[in-house]
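These notes are about the structure you will find just below.
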Amino acid sequence: MESNKVAVIGAGLMGNGIAQACASAGYDVVNIDTFESAIEKSKAAVEKLFSRKVAKGSMTEEKKAEVLGRLTYSSKFEDVKGAFLVVEAVPEKIEIKKDTFKKVDELADAETVIVSNTSGLSISEIASVTNRPDKVMGAHFFYPAPVMKLLELVRGLVTSDETYETVKGFAEKIGKTTVDAPEFPGFMVNRILVPMQNEAAFMVMEGSKPEDVDNAMKLGCNHPMGPIELTDFVGIDTMLATMTGLYNGFHDSKYRPCPLLETMVKSGMLGKKSGLGFYKYDEKGNKIGSNF
Ligand code: 3HC
């Protein structure tokens with residue numbers, strides 16, 4: 001399909017970053033979210049990030065204006081029209097994903113490819129609610145999406161070669177390196193990473209200090225962030241959803257989610273985005289101390 005337009009559904013942490021990455025690479029992007037408040041938050045976050053880059057000298061004012069000029073927002077699903085690619089980045093709940101795919105399938109052009117940024121749900125199951133399962137696949141970004149180099153490509157049972165090539169071409173254009181990940185819970189990275197974060201949460205539950213667990217992995221293994229810090233960074237709810245997906249998907253007790261994570265999510269402690277997680281954060285998102 002001849003088009004330079006990408007539609008990103010969802011203006012949360014991931015959708016916002018994916019939209020930025022696409023606009024920075026030269027695509028015309030519409031970031032769609034039915035919640036006006038999410039759109040406003042997303043716009044303000046991009047503006048703030050780009051202004052910081054300009055102040056730091058890693059982005060020019062011209063580039064900032066150029067990229068922001070290619071990035072539009074909408075609260076209407078109808079705006080997927082004309083896009084050669086739709087990237088879904090809504091919350092990690094199968095019913096929400098399916099509902100989104102049904103709507104996009106009805107409104108997008110017949111040739112449009114639709115990818116899910118799911119971190120581990122079944123692509124084939126998501127594709128099954130559309131009339132174009134051959135044009136559906138997984139494209140899993142990592143947080144922060146504009147920075148992280150990897151894109152996991154996940155084919156569903158009936159994803160066509162043409163769809164795969166379209167998404168691979170898109171990945172190259174936005175500067176990502178791809179790996180072919182299996183269509184099993186957690187795909188490739190999260191199946192290794194998230195159980196490590198879960199184990200780290202168990203250690204905090206047993207009495208270890210978050211700083212000690214983080215320093216152990218930063219200084220002992222050269223990880224850029226410790227597992228506890230990373231859990232706060234991506235969102236405790238997101239991490240718990242992935243862990244629960246591994247547990248339910250493999251039916252294996254080795255993936256049992258740490259109860260502390262469940263209690264934290266139930267009490268609204270979602271990490272950096274809510275101001276409170278394993279650590280405490282000020283209104284600017286700076287870490288100001290430990291919560292345990
Ligand atoms: N959005 C966009 N850009 C961001 C950003 C964000 N949220 N956070 C940082 N950046 C950019 C900065 O603007 C800066 O760009 P510049 O060099 O052009 O100015 C660059 O990243 C470096 O930022 P900083 O200098 O502020 O910070 P660091 O050098 O400490 O890097 C980091 C920050 C890249 C986040 C680094 O700490 C890191 O790599 N952390 C590990 C991240 C990780 O493991 N991600 C995977 C999470 S798991 C996942 O995503 C799975 C999913 O299913 C949830």
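Just so we're on the same page: first chain in the structure tokens is A, next is B, and so on; residues restart at 1 for each chain, and ligands are numbered from 1 in the order they show up.
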inquiry  = Residues contacting ligand 1 - anything with an atom at most 7 Å away, using only C-alpha atoms and all ligand atoms - can you give me those as a PyMOL selection string?
reply    = chain A and resi 17+49+53+56+58-59+119+141-148+190+224-225+230+234+238-239
Contacts of Val204 of chain A at 9 Å or less, counting only C-alpha atoms, minus same-chain residues fewer than 2 places along, as a PDB file with all heavy atoms, in the first residue's frame?
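The new file out01.pdb reads:
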```
ATOM      1  N   GLU A 199      11.807 -12.342  40.749  1.00  0.00           N
ATOM      2  CA  GLU A 199      12.662 -12.916  41.798  1.00  0.00           C
ATOM      3  C   GLU A 199      13.215 -11.790  42.686  1.00  0.00           C
ATOM      4  O   GLU A 199      13.317 -11.931  43.909  1.00  0.00           O
ATOM      5  CB  GLU A 199      13.807 -13.702  41.134  1.00  0.00           C
ATOM      6  CG  GLU A 199      14.379 -14.820  41.972  1.00  0.00           C
ATOM      7  CD  GLU A 199      13.331 -15.826  42.473  1.00  0.00           C
ATOM      8  OE1 GLU A 199      12.386 -16.156  41.753  1.00  0.00           O
ATOM      9  OE2 GLU A 199      13.488 -16.274  43.619  1.00  0.00           O
ATOM     10  N   ALA A 200      13.552 -10.668  42.029  1.00  0.00           N
ATOM     11  CA  ALA A 200      14.051  -9.512  42.784  1.00  0.00           C
ATOM     12  C   ALA A 200      12.964  -8.989  43.734  1.00  0.00           C
ATOM     13  O   ALA A 200      13.250  -8.624  44.882  1.00  0.00           O
ATOM     14  CB  ALA A 200      14.495  -8.412  41.818  1.00  0.00           C
ATOM     15  N   ALA A 201      11.693  -8.996  43.265  1.00  0.00           N
ATOM     16  CA  ALA A 201      10.577  -8.548  44.111  1.00  0.00           C
ATOM     17  C   ALA A 201      10.421  -9.493  45.307  1.00  0.00           C
ATOM     18  O   ALA A 201      10.152  -9.052  46.430  1.00  0.00           O
ATOM     19  CB  ALA A 201       9.292  -8.484  43.290  1.00  0.00           C
ATOM     20  N   PHE A 202      10.620 -10.798  45.086  1.00  0.00           N
ATOM     21  CA  PHE A 202      10.564 -11.756  46.195  1.00  0.00           C
ATOM     22  C   PHE A 202      11.615 -11.403  47.253  1.00  0.00           C
ATOM     23  O   PHE A 202      11.371 -11.494  48.453  1.00  0.00           O
ATOM     24  CB  PHE A 202      10.818 -13.193  45.704  1.00  0.00           C
ATOM     25  CG  PHE A 202       9.547 -13.939  45.353  1.00  0.00           C
ATOM     26  CD1 PHE A 202       9.240 -14.250  44.044  1.00  0.00           C
ATOM     27  CD2 PHE A 202       8.655 -14.346  46.350  1.00  0.00           C
ATOM     28  CE1 PHE A 202       8.070 -14.943  43.721  1.00  0.00           C
ATOM     29  CE2 PHE A 202       7.484 -15.036  46.044  1.00  0.00           C
ATOM     30  CZ  PHE A 202       7.195 -15.341  44.716  1.00  0.00           C
ATOM     31  N   GLU A 206      11.125 -10.501  51.121  1.00  0.00           N
ATOM     32  CA  GLU A 206      11.783 -11.234  52.217  1.00  0.00           C
ATOM     33  C   GLU A 206      12.653 -10.340  53.088  1.00  0.00           C
ATOM     34  O   GLU A 206      13.275 -10.813  54.038  1.00  0.00           O
ATOM     35  CB  GLU A 206      12.644 -12.368  51.616  1.00  0.00           C
ATOM     36  CG  GLU A 206      11.811 -13.501  51.030  1.00  0.00           C
ATOM     37  CD  GLU A 206      12.587 -14.306  49.972  1.00  0.00           C
ATOM     38  OE1 GLU A 206      13.812 -14.076  49.816  1.00  0.00           O
ATOM     39  OE2 GLU A 206      11.956 -15.133  49.299  1.00  0.00           O
ATOM     40  N   GLY A 207      12.752  -9.045  52.721  1.00  0.00           N
ATOM     41  CA  GLY A 207      13.465  -8.120  53.596  1.00  0.00           C
ATOM     42  C   GLY A 207      14.689  -7.429  53.012  1.00  0.00           C
ATOM     43  O   GLY A 207      15.273  -6.573  53.676  1.00  0.00           O
ATOM     44  N   SER A 208      15.099  -7.799  51.797  1.00  0.00           N
ATOM     45  CA  SER A 208      16.254  -7.088  51.208  1.00  0.00           C
ATOM     46  C   SER A 208      15.843  -5.669  50.829  1.00  0.00           C
ATOM     47  O   SER A 208      14.683  -5.412  50.480  1.00  0.00           O
ATOM     48  CB  SER A 208      16.750  -7.802  49.946  1.00  0.00           C
ATOM     49  OG  SER A 208      17.274  -9.052  50.274  1.00  0.00           O
ATOM     50  N   LYS A 209      16.834  -4.761  50.856  1.00  0.00           N
ATOM     51  CA  LYS A 209      16.539  -3.369  50.483  1.00  0.00           C
ATOM     52  C   LYS A 209      16.557  -3.257  48.951  1.00  0.00           C
ATOM     53  O   LYS A 209      17.466  -3.806  48.304  1.00  0.00           O
ATOM     54  CB  LYS A 209      17.625  -2.444  51.029  1.00  0.00           C
ATOM     55  CG  LYS A 209      17.580  -2.253  52.527  1.00  0.00           C
ATOM     56  CD  LYS A 209      18.434  -1.022  52.866  1.00  0.00           C
ATOM     57  CE  LYS A 209      18.587  -0.874  54.357  1.00  0.00           C
ATOM     58  NZ  LYS A 209      19.510  -1.906  54.906  1.00  0.00           N
ATOM     59  N   PRO A 210      15.602  -2.505  48.362  1.00  0.00           N
ATOM     60  CA  PRO A 210      15.593  -2.334  46.907  1.00  0.00           C
ATOM     61  C   PRO A 210      16.955  -1.859  46.366  1.00  0.00           C
ATOM     62  O   PRO A 210      17.431  -2.363  45.348  1.00  0.00           O
ATOM     63  CB  PRO A 210      14.517  -1.267  46.674  1.00  0.00           C
ATOM     64  CG  PRO A 210      13.598  -1.412  47.827  1.00  0.00           C
ATOM     65  CD  PRO A 210      14.450  -1.828  48.988  1.00  0.00           C
ATOM     66  N   VAL A 213      19.419  -4.780  46.103  1.00  0.00           N
ATOM     67  CA  VAL A 213      19.109  -5.693  44.980  1.00  0.00           C
ATOM     68  C   VAL A 213      19.543  -5.022  43.665  1.00  0.00           C
ATOM     69  O   VAL A 213      20.175  -5.640  42.804  1.00  0.00           O
ATOM     70  CB  VAL A 213      17.597  -6.029  44.959  1.00  0.00           C
ATOM     71  CG1 VAL A 213      17.269  -6.937  43.786  1.00  0.00           C
ATOM     72  CG2 VAL A 213      17.168  -6.692  46.264  1.00  0.00           C
ATOM     73  N   ILE A 228      14.709  -3.894  40.247  1.00  0.00           N
ATOM     74  CA  ILE A 228      13.632  -3.245  41.001  1.00  0.00           C
ATOM     75  C   ILE A 228      13.349  -1.863  40.402  1.00  0.00           C
ATOM     76  O   ILE A 228      12.200  -1.495  40.146  1.00  0.00           O
ATOM     77  CB  ILE A 228      14.044  -3.133  42.496  1.00  0.00           C
ATOM     78  CG1 ILE A 228      14.151  -4.530  43.121  1.00  0.00           C
ATOM     79  CG2 ILE A 228      13.105  -2.234  43.270  1.00  0.00           C
ATOM     80  CD1 ILE A 228      12.842  -5.267  43.260  1.00  0.00           C
ATOM     81  N   LEU A 260       3.839  -9.712  46.607  1.00  0.00           N
ATOM     82  CA  LEU A 260       4.045  -8.292  46.922  1.00  0.00           C
ATOM     83  C   LEU A 260       3.653  -7.414  45.721  1.00  0.00           C
ATOM     84  O   LEU A 260       3.064  -6.340  45.883  1.00  0.00           O
ATOM     85  CB  LEU A 260       5.520  -8.050  47.306  1.00  0.00           C
ATOM     86  CG  LEU A 260       5.912  -6.593  47.559  1.00  0.00           C
ATOM     87  CD1 LEU A 260       5.116  -5.985  48.712  1.00  0.00           C
ATOM     88  CD2 LEU A 260       7.416  -6.484  47.867  1.00  0.00           C
ATOM     89  N   PHE A 278       8.467   0.709  44.374  1.00  0.00           N
ATOM     90  CA  PHE A 278       9.487   0.247  45.323  1.00  0.00           C
ATOM     91  C   PHE A 278      10.249   1.464  45.860  1.00  0.00           C
ATOM     92  O   PHE A 278      10.778   1.453  46.952  1.00  0.00           O
ATOM     93  CB  PHE A 278      10.444  -0.731  44.644  1.00  0.00           C
ATOM     94  CG  PHE A 278       9.806  -2.069  44.389  1.00  0.00           C
ATOM     95  CD1 PHE A 278       9.222  -2.368  43.172  1.00  0.00           C
ATOM     96  CD2 PHE A 278       9.767  -3.021  45.392  1.00  0.00           C
ATOM     97  CE1 PHE A 278       8.627  -3.596  42.960  1.00  0.00           C
ATOM     98  CE2 PHE A 278       9.165  -4.256  45.194  1.00  0.00           C
ATOM     99  CZ  PHE A 278       8.590  -4.539  43.972  1.00  0.00           C
ATOM    100  N   PHE A 292      10.653   0.790  50.860  1.00  0.00           N
ATOM    101  CA  PHE A 292      10.766  -0.445  51.672  1.00  0.00           C
ATOM    102  C   PHE A 292      12.036  -0.431  52.526  1.00  0.00           C
ATOM    103  O   PHE A 292      13.034   0.156  52.128  1.00  0.00           O
ATOM    104  CB  PHE A 292      10.789  -1.680  50.752  1.00  0.00           C
ATOM    105  CG  PHE A 292       9.459  -1.959  50.163  1.00  0.00           C
ATOM    106  CD1 PHE A 292       9.106  -1.396  48.947  1.00  0.00           C
ATOM    107  CD2 PHE A 292       8.518  -2.754  50.813  1.00  0.00           C
ATOM    108  CE1 PHE A 292       7.855  -1.634  48.371  1.00  0.00           C
ATOM    109  CE2 PHE A 292       7.265  -2.998  50.264  1.00  0.00           C
ATOM    110  CZ  PHE A 292       6.937  -2.438  49.038  1.00  0.00           C
TER     111      PHE A 292
END
```
inquiry  = So that I can see what lies close to Ser37 of chain A, please list as number ranges by chain the residues with an atom at most 12 Å from it, counting only C-alpha atoms and leaving out residues fewer than 4 positions away in the same chain.
reply    = A: 10-12, 32-33, 41-44, 73-75
Determine which residues of segment 99-133 of chain A receive a DSSP assignment of strand (DSSP E), computed from the backbone, and state them as a CSV table (one decimal) with N, CA and C atoms, in the first residue's frame.
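Printed below is selection-v9.csv as written:
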```
chain,number,residue,atom,x,y,z
A,113,VAL,N,-1.7,-3.3,7.3
A,113,VAL,CA,-1.1,-4.3,8.3
A,113,VAL,C,-1.4,-3.8,9.7
A,114,ILE,N,-1.8,-4.7,10.6
A,114,ILE,CA,-2.0,-4.3,12.0
A,114,ILE,C,-1.1,-5.1,12.9
A,115,VAL,N,-0.2,-4.4,13.7
A,115,VAL,CA,0.7,-5.1,14.6
A,115,VAL,C,0.3,-4.8,16.0
A,116,SER,N,0.5,-5.8,16.9
A,116,SER,CA,0.3,-5.5,18.3
A,116,SER,C,1.6,-5.4,19.0
```
request  = Tell me, in Å to one decimal, how far atom CA of Tyr164 of chain A is from atom CA of Gly26 of chain A.
outcome  =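 Those two atoms sit 20.7 Å apart.
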task = May I ask which of the residues A:Glu211, A:Asp134, A:Glu283, A:Glu172 is the closest one to Gly156 of chain A, counting only C-alpha atoms?
result =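 Using only C-alpha atoms, Gly156 of chain A sits closest to A:Asp134.
With distances restricted to only C-alpha atoms, A:Leu121 is the closest residue to Lys93 of chain A from A:Asp109, A:Leu121, A:Val46, A:Lys168.
Compared by their closest atoms to Arg191 of chain A, and using only C-alpha atoms, the residues A:Ser253, A:Ser122, A:Ser51, A:Thr242 rank with A:Thr242 nearest.
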key: Counting only C-alpha atoms, the option among A:Asn198, A:Ser24, A:Asn291, A:Thr100 closest to Ala65 of chain A   =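 Looking only at the distances to Ala65 of chain A, the closest residue turns out to be A:Ser24.
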task = Name the residues of segment 81-207 of chain A that fall into alpha helix (DSSP H) according to DSSP on the backbone, using the chain letters and numbers of this document, as JSON, numbers by chain.
result = {"A": [94, 95, 96, 97, 98, 99, 100, 101, 102, 103, 104, 105, 106, 107, 123, 124, 125, 126, 127, 161, 162, 163, 164, 165, 166, 167, 168, 169, 170, 171, 172, 173, 189, 190, 191, 192, 193, 194, 195, 196, 197, 198, 199, 200, 201, 202, 203, 204, 205]}
Take the selection from the previous step and output its residues with N, CA and C atoms, as a tab-separated table (two decimals), in the first residue's frame.
```tsv
chain	number	residue	atom	x	y	z
A	94	ILE	N	-6.19	-9.05	27.25
A	94	ILE	CA	-6.61	-9.68	25.98
A	94	ILE	C	-7.93	-9.12	25.46
A	95	GLU	N	-8.89	-8.85	26.36
A	95	GLU	CA	-10.20	-8.35	25.88
A	95	GLU	C	-10.07	-6.95	25.29
A	96	ILE	N	-9.22	-6.12	25.90
A	96	ILE	CA	-9.02	-4.75	25.36
A	96	ILE	C	-8.33	-4.84	24.00
A	97	LYS	N	-7.34	-5.73	23.90
A	97	LYS	CA	-6.62	-5.89	22.62
A	97	LYS	C	-7.60	-6.35	21.54
A	98	LYS	N	-8.42	-7.36	21.85
A	98	LYS	CA	-9.33	-7.90	20.85
A	98	LYS	C	-10.35	-6.85	20.40
A	99	ASP	N	-10.86	-6.11	21.37
A	99	ASP	CA	-11.83	-5.07	21.06
A	99	ASP	C	-11.21	-4.02	20.13
A	100	THR	N	-9.96	-3.66	20.43
A	100	THR	CA	-9.25	-2.66	19.60
A	100	THR	C	-9.04	-3.20	18.19
A	101	PHE	N	-8.61	-4.45	18.09
A	101	PHE	CA	-8.37	-5.04	16.76
A	101	PHE	C	-9.66	-5.12	15.94
A	102	LYS	N	-10.77	-5.44	16.61
A	102	LYS	CA	-12.06	-5.51	15.89
A	102	LYS	C	-12.38	-4.15	15.28
A	103	LYS	N	-12.23	-3.09	16.11
A	103	LYS	CA	-12.56	-1.74	15.63
A	103	LYS	C	-11.63	-1.33	14.49
A	104	VAL	N	-10.33	-1.57	14.67
A	104	VAL	CA	-9.36	-1.16	13.65
A	104	VAL	C	-9.62	-1.93	12.36
A	105	ASP	N	-9.92	-3.20	12.48
A	105	ASP	CA	-10.17	-4.04	11.31
A	105	ASP	C	-11.35	-3.49	10.48
A	106	GLU	N	-12.36	-2.99	11.18
A	106	GLU	CA	-13.54	-2.46	10.48
A	106	GLU	C	-13.23	-1.16	9.75
A	107	LEU	N	-12.32	-0.36	10.33
A	107	LEU	CA	-12.12	1.00	9.82
A	107	LEU	C	-10.89	1.18	8.93
A	123	ILE	N	-0.64	-13.77	19.48
A	123	ILE	CA	-0.92	-13.00	18.26
A	123	ILE	C	-2.04	-13.68	17.48
A	124	SER	N	-2.02	-15.00	17.44
A	124	SER	CA	-3.04	-15.74	16.68
A	124	SER	C	-4.42	-15.49	17.27
A	125	GLU	N	-4.49	-15.43	18.60
A	125	GLU	CA	-5.78	-15.19	19.25
A	125	GLU	C	-6.27	-13.77	18.93
A	126	ILE	N	-5.37	-12.81	19.00
A	126	ILE	CA	-5.74	-11.41	18.69
A	126	ILE	C	-6.18	-11.32	17.22
A	127	ALA	N	-5.41	-11.98	16.33
A	127	ALA	CA	-5.71	-11.93	14.89
A	127	ALA	C	-7.05	-12.56	14.57
A	161	ASP	N	3.98	-13.92	4.56
A	161	ASP	CA	5.36	-13.46	4.35
A	161	ASP	C	5.36	-11.98	3.98
A	162	GLU	N	4.36	-11.57	3.22
A	162	GLU	CA	4.28	-10.16	2.79
A	162	GLU	C	4.13	-9.24	4.02
A	163	THR	N	3.29	-9.65	4.97
A	163	THR	CA	3.10	-8.86	6.19
A	163	THR	C	4.41	-8.77	6.95
A	164	TYR	N	5.07	-9.90	7.09
A	164	TYR	CA	6.35	-9.95	7.81
A	164	TYR	C	7.35	-8.98	7.16
A	165	GLU	N	7.43	-9.00	5.82
A	165	GLU	CA	8.38	-8.14	5.11
A	165	GLU	C	8.02	-6.66	5.29
A	166	THR	N	6.73	-6.35	5.30
A	166	THR	CA	6.30	-4.96	5.51
A	166	THR	C	6.77	-4.47	6.88
A	167	VAL	N	6.59	-5.31	7.89
A	167	VAL	CA	6.93	-4.89	9.25
A	167	VAL	C	8.45	-4.85	9.42
A	168	LYS	N	9.14	-5.76	8.78
A	168	LYS	CA	10.61	-5.75	8.86
A	168	LYS	C	11.18	-4.48	8.20
A	169	GLY	N	10.58	-4.09	7.08
A	169	GLY	CA	11.00	-2.86	6.38
A	169	GLY	C	10.75	-1.63	7.26
A	170	PHE	N	9.61	-1.64	7.91
A	170	PHE	CA	9.26	-0.54	8.84
A	170	PHE	C	10.28	-0.48	9.98
A	171	ALA	N	10.62	-1.64	10.53
A	171	ALA	CA	11.59	-1.71	11.65
A	171	ALA	C	12.93	-1.11	11.23
A	172	GLU	N	13.36	-1.48	10.01
A	172	GLU	CA	14.65	-0.95	9.52
A	172	GLU	C	14.59	0.57	9.40
A	173	LYS	N	13.47	1.06	8.87
A	173	LYS	CA	13.36	2.51	8.66
A	173	LYS	C	13.39	3.27	9.99
A	189	VAL	N	12.56	-11.74	25.06
A	189	VAL	CA	13.18	-10.94	26.13
A	189	VAL	C	12.43	-11.09	27.46
A	190	ASN	N	11.12	-10.89	27.43
A	190	ASN	CA	10.38	-10.90	28.69
A	190	ASN	C	10.37	-12.25	29.38
A	191	ARG	N	10.53	-13.31	28.60
A	191	ARG	CA	10.55	-14.65	29.22
A	191	ARG	C	11.81	-14.83	30.07
A	192	ILE	N	12.84	-14.07	29.72
A	192	ILE	CA	14.09	-14.13	30.50
A	192	ILE	C	14.11	-13.02	31.55
A	193	LEU	N	13.73	-11.82	31.10
A	193	LEU	CA	13.85	-10.63	31.96
A	193	LEU	C	12.86	-10.59	33.13
A	194	VAL	N	11.58	-10.85	32.84
A	194	VAL	CA	10.54	-10.62	33.84
A	194	VAL	C	10.64	-11.60	35.03
A	195	PRO	N	10.95	-12.89	34.81
A	195	PRO	CA	11.17	-13.75	35.98
A	195	PRO	C	12.31	-13.25	36.88
A	196	MET	N	13.31	-12.58	36.27
A	196	MET	CA	14.39	-12.02	37.08
A	196	MET	C	13.85	-10.86	37.95
A	197	GLN	N	13.03	-10.00	37.34
A	197	GLN	CA	12.43	-8.90	38.11
A	197	GLN	C	11.52	-9.45	39.21
A	198	ASN	N	10.79	-10.53	38.89
A	198	ASN	CA	9.88	-11.15	39.86
A	198	ASN	C	10.67	-11.72	41.04
A	199	GLU	N	11.81	-12.34	40.75
A	199	GLU	CA	12.66	-12.92	41.80
A	199	GLU	C	13.21	-11.79	42.69
A	200	ALA	N	13.55	-10.67	42.03
A	200	ALA	CA	14.05	-9.51	42.78
A	200	ALA	C	12.96	-8.99	43.73
A	201	ALA	N	11.69	-9.00	43.27
A	201	ALA	CA	10.58	-8.55	44.11
A	201	ALA	C	10.42	-9.49	45.31
A	202	PHE	N	10.62	-10.80	45.09
A	202	PHE	CA	10.56	-11.76	46.20
A	202	PHE	C	11.61	-11.40	47.25
A	203	MET	N	12.80	-10.99	46.79
A	203	MET	CA	13.87	-10.65	47.74
A	203	MET	C	13.48	-9.45	48.59
A	204	VAL	N	12.85	-8.45	47.97
A	204	VAL	CA	12.39	-7.28	48.74
A	204	VAL	C	11.31	-7.73	49.72
A	205	MET	N	10.42	-8.63	49.28
A	205	MET	CA	9.36	-9.13	50.16
A	205	MET	C	9.97	-9.86	51.37
```
query = Which polymer residues have any atom within 7 Å of an atom of Pro185 of chain A, counting only C-alpha atoms, with same-chain residues fewer than 6 positions away left out, as a ChimeraX atom specification?
reply = /A:120-121,245-246,249
Restricted to all heavy atoms, what would the selected residues look like written as a tab-separated table (two decimals), in the first residue's frame?
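Below is the file that was written, part_14.tsv:
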```
chain	number	residue	atom	x	y	z
A	120	GLY	N	3.40	-10.30	25.27
A	120	GLY	CA	3.39	-11.75	25.45
A	120	GLY	C	2.07	-12.45	25.16
A	120	GLY	O	2.00	-13.68	25.23
A	121	LEU	N	1.01	-11.70	24.82
A	121	LEU	CA	-0.27	-12.37	24.53
A	121	LEU	C	-0.20	-13.03	23.15
A	121	LEU	O	0.65	-12.69	22.33
A	121	LEU	CB	-1.41	-11.34	24.58
A	121	LEU	CG	-1.64	-10.66	25.93
A	121	LEU	CD1	-2.65	-9.53	25.82
A	121	LEU	CD2	-2.10	-11.68	26.98
A	245	GLY	N	0.91	-13.55	32.66
A	245	GLY	CA	0.77	-14.17	31.34
A	245	GLY	C	1.68	-15.39	31.19
A	245	GLY	O	1.29	-16.42	30.62
A	246	LEU	N	2.89	-15.30	31.73
A	246	LEU	CA	3.82	-16.46	31.69
A	246	LEU	C	3.24	-17.61	32.50
A	246	LEU	O	3.26	-18.78	32.08
A	246	LEU	CB	5.19	-16.06	32.26
A	246	LEU	CG	6.08	-15.16	31.40
A	246	LEU	CD1	7.28	-14.68	32.22
A	246	LEU	CD2	6.55	-15.87	30.15
A	249	GLY	N	0.11	-18.94	30.80
A	249	GLY	CA	0.40	-19.48	29.47
A	249	GLY	C	1.16	-20.79	29.50
A	249	GLY	O	0.89	-21.70	28.71
```
